[in-house]
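Novice: The following file, upload28.txt, comprises compact mmCIF, C-alpha atoms and all ligand atoms:
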```txt
# COMPACT_ATOMS: atom_id res chain seq x y z
CA MET A 1 -100.47 159.47 -44.13
CA ALA A 2 -97.03 161.11 -44.59
CA GLN A 3 -94.25 159.81 -42.36
CA THR A 4 -91.65 161.74 -40.41
CA HIS A 5 -89.08 160.82 -37.81
CA PHE A 6 -89.33 160.88 -34.05
CA GLY A 7 -85.73 160.23 -33.11
CA PHE A 8 -84.78 157.10 -35.06
CA SER A 9 -88.41 155.89 -35.34
CA SER A 10 -90.63 156.56 -38.33
CA VAL A 11 -94.04 157.91 -37.25
CA ASP A 12 -97.11 159.48 -38.88
CA GLU A 13 -96.67 163.23 -39.21
CA ALA A 14 -99.81 163.72 -37.14
CA ASP A 15 -98.30 161.67 -34.32
CA LYS A 16 -94.98 163.47 -33.96
CA ALA A 17 -96.31 166.59 -32.17
CA ARG A 18 -98.14 164.38 -29.65
CA ARG A 19 -94.96 162.41 -28.90
CA VAL A 20 -92.86 165.58 -28.60
CA ARG A 21 -95.46 166.98 -26.20
CA GLY A 22 -95.09 163.83 -24.11
CA VAL A 23 -91.32 164.36 -23.92
CA PHE A 24 -91.61 167.95 -22.72
CA ASP A 25 -94.52 167.29 -20.36
CA SER A 26 -92.26 164.72 -18.73
CA VAL A 27 -89.03 166.73 -18.57
CA ALA A 28 -90.44 170.21 -17.77
CA PRO A 29 -90.00 170.03 -13.95
CA ARG A 30 -86.30 169.06 -14.23
CA TYR A 31 -85.54 170.74 -17.56
CA ASP A 32 -83.14 173.44 -16.32
CA LEU A 33 -81.22 171.15 -13.97
CA MET A 34 -80.85 168.53 -16.70
CA ASN A 35 -79.58 171.16 -19.17
CA ASP A 36 -76.82 172.14 -16.75
CA LEU A 37 -75.88 168.53 -15.97
CA MET A 38 -75.98 167.21 -19.55
CA SER A 39 -74.00 170.06 -21.08
CA PHE A 40 -71.67 170.66 -18.09
CA GLY A 41 -73.13 174.18 -18.06
CA LEU A 42 -72.10 174.79 -21.69
CA HIS A 43 -75.68 175.61 -22.76
CA ARG A 44 -75.28 178.87 -20.81
CA LEU A 45 -72.26 179.83 -22.93
CA TRP A 46 -73.99 178.83 -26.19
CA LYS A 47 -76.99 180.96 -25.26
CA ALA A 48 -74.81 183.88 -24.10
CA TYR A 49 -73.06 183.74 -27.49
CA ALA A 50 -76.42 183.81 -29.32
CA VAL A 51 -77.55 186.77 -27.21
CA ALA A 52 -74.32 188.64 -28.02
CA VAL A 53 -74.72 187.97 -31.76
CA ALA A 54 -78.41 188.97 -31.64
CA ASP A 55 -77.37 192.41 -30.39
CA VAL A 56 -80.93 193.33 -29.40
CA ARG A 57 -81.30 197.11 -29.07
CA PRO A 58 -83.60 199.07 -26.75
CA GLY A 59 -87.07 199.32 -28.30
CA GLU A 60 -86.76 196.24 -30.54
CA ARG A 61 -89.57 193.69 -30.98
CA VAL A 62 -88.40 190.13 -30.39
CA LEU A 63 -90.22 186.80 -30.73
CA ASP A 64 -88.68 183.83 -28.89
CA LEU A 65 -90.12 180.59 -30.28
CA ALA A 66 -90.08 177.22 -28.48
CA ALA A 67 -88.79 179.35 -25.63
CA GLY A 68 -89.54 176.86 -22.87
CA THR A 69 -88.12 178.00 -19.57
CA GLY A 70 -87.12 181.29 -21.19
CA ASP A 71 -83.32 181.63 -21.00
CA LEU A 72 -83.12 183.65 -24.24
CA THR A 73 -86.39 185.45 -23.58
CA ARG A 74 -85.04 186.78 -20.30
CA ALA A 75 -81.75 187.98 -21.79
CA PHE A 76 -83.53 189.63 -24.74
CA ALA A 77 -86.03 191.37 -22.45
CA ARG A 78 -83.21 192.99 -20.49
CA LYS A 79 -81.68 194.30 -23.74
CA ALA A 80 -84.92 195.46 -25.37
CA GLY A 81 -85.88 197.34 -22.20
CA ALA A 82 -89.20 198.94 -21.32
CA SER A 83 -89.62 200.47 -24.79
CA GLY A 84 -89.20 197.08 -26.49
CA LEU A 85 -91.39 194.00 -26.73
CA VAL A 86 -90.23 190.43 -26.11
CA VAL A 87 -92.77 187.65 -26.56
CA HIS A 88 -92.23 184.30 -24.81
CA THR A 89 -93.85 181.43 -26.73
CA ASP A 90 -93.95 177.63 -26.77
CA ILE A 91 -96.37 174.92 -27.89
CA ASN A 92 -96.11 173.11 -24.56
CA GLU A 93 -98.03 174.48 -21.59
CA ALA A 94 -95.89 172.76 -18.95
CA MET A 95 -92.71 174.30 -20.38
CA LEU A 96 -94.39 177.67 -20.90
CA ARG A 97 -95.68 177.74 -17.33
CA ALA A 98 -92.24 176.87 -15.93
CA GLY A 99 -90.75 179.67 -18.04
CA ARG A 100 -93.40 182.22 -17.13
CA ASP A 101 -92.92 181.48 -13.42
CA ARG A 102 -89.16 182.00 -13.73
CA LEU A 103 -89.65 185.26 -15.63
CA LEU A 104 -92.07 186.54 -12.98
CA ASP A 105 -89.70 185.48 -10.17
CA GLU A 106 -87.07 187.66 -11.82
CA GLY A 107 -89.44 190.62 -12.08
CA LEU A 108 -90.10 190.31 -15.81
CA VAL A 109 -93.72 190.59 -16.90
CA LEU A 110 -93.81 189.61 -20.58
CA PRO A 111 -96.49 188.35 -22.93
CA THR A 112 -96.49 184.55 -22.87
CA VAL A 113 -98.24 182.89 -25.80
CA ALA A 114 -98.98 179.19 -26.33
CA CYS A 115 -98.51 178.65 -30.06
CA ASP A 116 -97.16 176.31 -32.71
CA ALA A 117 -94.09 177.73 -34.45
CA GLU A 118 -95.34 176.15 -37.67
CA GLN A 119 -98.48 178.34 -37.61
CA LEU A 120 -97.71 181.62 -35.89
CA PRO A 121 -100.57 183.83 -34.71
CA PHE A 122 -98.65 187.06 -35.47
CA ALA A 123 -98.95 189.54 -38.32
CA THR A 124 -96.52 189.57 -41.22
CA GLY A 125 -93.51 191.82 -40.65
CA SER A 126 -94.17 192.43 -36.97
CA PHE A 127 -90.77 191.58 -35.37
CA ASP A 128 -87.18 192.80 -35.62
CA LEU A 129 -85.76 189.48 -34.44
CA VAL A 130 -87.09 185.93 -34.14
CA SER A 131 -85.18 183.24 -32.26
CA VAL A 132 -85.51 179.52 -31.69
CA ALA A 133 -83.07 177.74 -29.38
CA PHE A 134 -83.00 173.93 -29.32
CA GLY A 135 -86.57 173.87 -30.62
CA LEU A 136 -86.43 173.47 -34.42
CA ARG A 137 -85.20 169.85 -34.09
CA ASN A 138 -88.49 168.92 -32.43
CA MET A 139 -90.76 170.44 -35.06
CA THR A 140 -92.57 168.27 -37.60
CA ASP A 141 -92.28 170.56 -40.62
CA LYS A 142 -89.05 172.52 -40.18
CA ALA A 143 -89.31 174.24 -43.58
CA ARG A 144 -92.72 175.56 -42.61
CA ALA A 145 -91.45 176.83 -39.25
CA LEU A 146 -88.56 178.62 -40.98
CA ALA A 147 -90.97 180.16 -43.51
CA GLU A 148 -93.15 181.36 -40.62
CA MET A 149 -90.09 182.92 -38.96
CA ALA A 150 -89.33 184.77 -42.19
CA ARG A 151 -92.96 185.86 -42.59
CA VAL A 152 -93.29 187.52 -39.17
CA LEU A 153 -89.95 189.37 -39.53
CA ARG A 154 -89.76 192.85 -41.03
CA PRO A 155 -87.52 193.23 -44.11
CA GLN A 156 -83.87 193.08 -42.95
CA GLY A 157 -85.05 191.47 -39.73
CA ARG A 158 -82.87 188.69 -38.32
CA ALA A 159 -83.58 185.11 -37.35
CA LEU A 160 -81.43 183.14 -34.92
CA VAL A 161 -81.53 179.35 -34.88
CA LEU A 162 -79.43 177.83 -32.08
CA GLU A 163 -79.47 174.05 -32.34
CA PHE A 164 -77.46 170.88 -31.92
CA SER A 165 -75.64 170.12 -35.14
CA LYS A 166 -73.05 167.82 -36.73
CA VAL A 167 -70.00 167.50 -34.52
CA ALA A 168 -66.47 167.54 -36.02
CA GLU A 169 -65.33 164.02 -37.02
CA PRO A 170 -62.60 163.46 -34.35
CA LEU A 171 -65.22 163.98 -31.64
CA ALA A 172 -67.93 161.85 -33.25
CA LYS A 173 -67.17 158.56 -31.45
CA PRO A 174 -66.80 159.91 -27.89
CA TYR A 175 -69.84 162.14 -28.47
CA ASP A 176 -71.92 159.14 -29.59
CA TRP A 177 -70.79 157.16 -26.57
CA TYR A 178 -71.72 160.02 -24.24
CA SER A 179 -75.08 160.59 -26.01
CA PHE A 180 -76.27 156.98 -26.09
CA HIS A 181 -74.75 155.64 -22.86
CA VAL A 182 -74.54 158.53 -20.41
CA LEU A 183 -77.48 160.78 -21.34
CA PRO A 184 -80.29 158.20 -20.94
CA ARG A 185 -78.81 157.06 -17.60
CA LEU A 186 -78.58 160.65 -16.39
CA GLY A 187 -82.17 161.20 -17.53
CA ALA A 188 -83.32 158.14 -15.61
CA LEU A 189 -81.44 159.21 -12.47
CA VAL A 190 -82.40 162.90 -12.37
CA ALA A 191 -85.69 163.14 -14.26
CA GLY A 192 -86.91 159.55 -13.88
CA ASP A 193 -87.11 159.34 -17.68
CA ALA A 194 -84.48 157.58 -19.82
CA ALA A 195 -86.61 157.48 -22.99
CA SER A 196 -86.88 161.27 -23.39
CA TYR A 197 -83.11 161.63 -23.20
CA ARG A 198 -82.64 158.78 -25.69
CA TYR A 199 -85.01 160.74 -27.97
CA LEU A 200 -82.79 163.81 -27.46
CA ALA A 201 -79.70 161.91 -28.64
CA GLU A 202 -81.55 160.40 -31.61
CA SER A 203 -83.22 163.65 -32.67
CA ILE A 204 -79.81 165.36 -32.78
CA ARG A 205 -78.57 162.70 -35.23
CA MET A 206 -81.65 163.19 -37.44
CA HIS A 207 -81.38 167.00 -37.54
CA PRO A 208 -80.05 168.67 -40.72
CA SER A 209 -76.33 169.42 -40.79
CA GLN A 210 -74.98 172.97 -40.69
CA ARG A 211 -74.97 173.22 -44.51
CA GLU A 212 -78.39 171.58 -44.93
CA LEU A 213 -79.99 173.96 -42.45
CA GLU A 214 -78.28 176.92 -44.12
CA ALA A 215 -79.84 175.84 -47.46
CA MET A 216 -83.25 175.42 -45.81
CA MET A 217 -83.04 178.92 -44.37
CA ARG A 218 -82.16 180.35 -47.77
CA SER A 219 -85.18 178.59 -49.30
CA ALA A 220 -87.37 179.96 -46.52
CA GLY A 221 -86.58 183.58 -47.47
CA PHE A 222 -83.31 184.42 -45.71
CA GLY A 223 -81.15 185.94 -48.45
CA HIS A 224 -78.12 186.00 -46.18
CA VAL A 225 -77.24 183.24 -43.70
CA ASP A 226 -74.17 183.04 -41.43
CA VAL A 227 -73.23 179.81 -39.65
CA HIS A 228 -71.29 179.86 -36.37
CA ASN A 229 -70.01 176.49 -35.13
CA LEU A 230 -69.79 176.25 -31.35
CA THR A 231 -67.88 173.58 -29.40
CA ALA A 232 -66.63 171.84 -32.56
CA GLY A 233 -70.10 171.74 -34.09
CA VAL A 234 -71.88 170.17 -31.12
CA VAL A 235 -74.08 173.24 -31.55
CA ALA A 236 -74.43 175.71 -34.42
CA LEU A 237 -75.90 179.18 -34.48
CA HIS A 238 -77.48 180.07 -37.84
CA VAL A 239 -78.21 183.76 -38.33
CA GLY A 240 -80.49 184.61 -41.24
CA ILE A 241 -81.33 188.04 -42.60
CA LYS A 242 -84.67 188.46 -44.36
CA CYS A 243 -83.66 189.99 -47.68
C1 LIG A 301 -85.28 171.68 -25.79
S1 LIG A 301 -86.58 172.78 -25.46
C2 LIG A 301 -85.82 174.37 -25.67
C3 LIG A 301 -86.29 175.41 -24.68
C4 LIG A 301 -85.52 176.72 -24.70
N1 LIG A 301 -85.61 177.38 -25.96
C5 LIG A 301 -84.08 176.49 -24.33
O1 LIG A 301 -83.23 176.75 -25.18
O2 LIG A 301 -83.79 176.09 -23.21
C6 LIG A 301 -87.54 172.61 -26.91
C7 LIG A 301 -88.88 173.30 -26.85
O3 LIG A 301 -89.47 173.26 -28.14
C8 LIG A 301 -90.87 173.25 -27.95
N2 LIG A 301 -91.55 172.89 -29.20
C9 LIG A 301 -91.53 171.70 -29.83
N3 LIG A 301 -92.28 171.76 -30.95
C10 LIG A 301 -92.75 173.02 -31.04
C11 LIG A 301 -93.57 173.70 -31.99
N4 LIG A 301 -94.05 173.10 -33.07
N5 LIG A 301 -93.85 175.01 -31.76
C12 LIG A 301 -93.38 175.65 -30.67
N6 LIG A 301 -92.61 175.04 -29.73
C13 LIG A 301 -92.28 173.75 -29.92
C14 LIG A 301 -91.04 172.26 -26.82
O4 LIG A 301 -92.30 172.32 -26.22
C15 LIG A 301 -89.87 172.65 -25.89
O5 LIG A 301 -90.26 173.56 -24.91
```
Since I need it in another form, could you write the structure as structure tokens?
Ligand SMILES: C[S@@+](CC[C@H](N)C(=O)[O-])C[C@H]1O[C@@H](n2cnc3c(N)ncnc32)[C@H](O)[C@@H]1O
Specialist:
Amino acid sequence: MAQTHFGFSSVDEADKARRVRGVFDSVAPRYDLMNDLMSFGLHRLWKAYAVAVADVRPGERVLDLAAGTGDLTRAFARKAGASGLVVHTDINEAMLRAGRDRLLDEGLVLPTVACDAEQLPFATGSFDLVSVAFGLRNMTDKARALAEMARVLRPQGRALVLEFSKVAEPLAKPYDWYSFHVLPRLGALVAGDAASYRYLAESIRMHPSQRELEAMMRSAGFGHVDVHNLTAGVVALHVGIKC
């Protein structure tokens, strides 16, 4: 059977999705709190930047993949308005449920769909914008997920991939120290789970660099790709246009 990586470990492709599900089943109840603590609140700025670049207009149809607790979904829904359509999706029911509850608490009733981003149950050309924030890294076949994003977009539609990326060299050592020493301890303390936060640090190191992901997006059908480095490359926003 073909092998892939789960953090720094090599696993059967068929096993990766099960392990990733285990991570998100475990972290779902404390996911939002941990995001704020781990990133010192920066994830809110990274997402706000992505939402500004997305420039969703009233009436647009938006698909948020691996949407989890729905930070982007919520912001897009406010921009698309009552005439638009924003679909909240994730493969993991615990994350999806946490997100749906938050959306409902904020008065947003949106379609919530449990689905695998590598095999989308949506018609070709049915969205103006597709987004995935901090989700692509966890997928087994990233090229396939990117091709699916391109497929469900209309021509000239835009794809946003917000993801951890390769940090600028001067920050690499302190960032490694923080990732491998602080994150797992914080995970143990707040979420009772050090291993999932060790996986987070490892999966970031295994993810394609800014340039590699740009090339993958071009191969997937995005004729134009812009790369925005955020916080010295800790995170990158890739914006692809289907053309
Ligand atoms: C780190 S969370 C990101 C949640 C949210 N987008 C955010 O930015 O806060 C990653 C999400 O990716 C989801 N995921 C992993 N593999 C997936 C797949 N193949 N298809 C759809 N979602 C997936 C996980 O279940 C998890 O909810």
Novice: Just want the residues within 9 Å of ligand LIG 301 (chain A), written as a count of residues only, counting all atoms listed in the file.
Specialist: 54
Novice: Taking into account all atoms listed in the file, which residue in the set A:Val235, A:Cys243, A:Ser126, A:Met217 is nearest to A:Ala168?
Specialist: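 Among the listed residues, A:Val235 lies closest to A:Ala168.
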Novice: Go through A:Arg97, A:Arg185, A:Arg44, A:Arg78 and flag the residue nearest A:Arg57, using all atoms listed in the file for the distances.
Specialist: A:Arg78
Novice: Grab the atom CA of A:Leu63 to atom CA of A:Ala80 distance for me, in Å with one decimal place.
Specialist: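 That distance, rounded to one decimal, is 11.5 Å.
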Novice: Hey, can you check how far atom CA of A:Phe180 sits from atom CA of A:Ala201?
Specialist: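 Straight-line distance from atom CA of A:Phe180 to atom CA of A:Ala201 works out to 6.5 Å.
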Novice: For A:Thr4, which residue out of A:Met206, A:Val152, A:Val56, A:Leu110 is the nearest one, using all atoms listed in the file?
Specialist: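 When distances to A:Thr4 are compared using all atoms listed in the file, the smallest one comes from A:Met206.
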Novice: Pick the closest to A:Lys79 from A:Ala52, A:Arg100, A:Arg151, A:Pro208: which is it, counting only C-alpha atoms?
Specialist: A:Ala52
Novice: Which is closer to A:Asp193 than all the others in A:Gly125, A:Pro29, A:Gly107, A:Pro170, using all atoms listed in the file?
Specialist: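 Ranked by minimum distance to A:Asp193, first place goes to A:Pro29.
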Novice: How far is it from atom CA of A:Met216 to atom CA of A:Leu237, in Å with one decimal?
Specialist: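 Those two atoms sit 14.0 Å apart.
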Novice: May I have the residues within 9 Å of A:Asp226 as number ranges by chain, using all atoms listed in the file and disregarding those fewer than 2 positions away in the same chain?
Specialist: A: 214, 224, 228, 237-241
Novice: Restricting the calculation to all atoms listed in the file, which member of A:Val182, A:Met1, A:Val51, A:Ala123 is positioned closest to A:Glu148?
Specialist: A:Ala123
Novice: Skipping near chain neighbours, those fewer than 3 positions away, what residues fall within 10 Å of A:Gly187 using all atoms listed in the file, listed as a list in words?
Specialist: Val27, Arg30, Met34, Leu37, Met38, Val182, Leu183, Pro184, Val190, Ala191, Gly192, Asp193, Ala194, Ala195, Ser196, Tyr197 and Arg198 of chain A
Novice: Find the residues around A:Pro58 up to 12 Å (all atoms listed in the file counted), leave out those fewer than 4 positions away in its own chain, and share them as a short mmCIF file (atom, residue, chain, number, x, y, z; two decimals) with C-alpha atoms, in the coordinates of the input.
Specialist:
```cif
data_model
loop_
_atom_site.label_atom_id
_atom_site.label_comp_id
_atom_site.auth_asym_id
_atom_site.auth_seq_id
_atom_site.Cartn_x
_atom_site.Cartn_y
_atom_site.Cartn_z
CA VAL A 62 -88.40 190.13 -30.39
CA PHE A 76 -83.53 189.63 -24.74
CA ALA A 77 -86.03 191.37 -22.45
CA ARG A 78 -83.21 192.99 -20.49
CA LYS A 79 -81.68 194.30 -23.74
CA ALA A 80 -84.92 195.46 -25.37
CA GLY A 81 -85.88 197.34 -22.20
CA ALA A 82 -89.20 198.94 -21.32
CA SER A 83 -89.62 200.47 -24.79
CA GLY A 84 -89.20 197.08 -26.49
CA LEU A 85 -91.39 194.00 -26.73
CA VAL A 86 -90.23 190.43 -26.11
CA ASP A 128 -87.18 192.80 -35.62
#
```
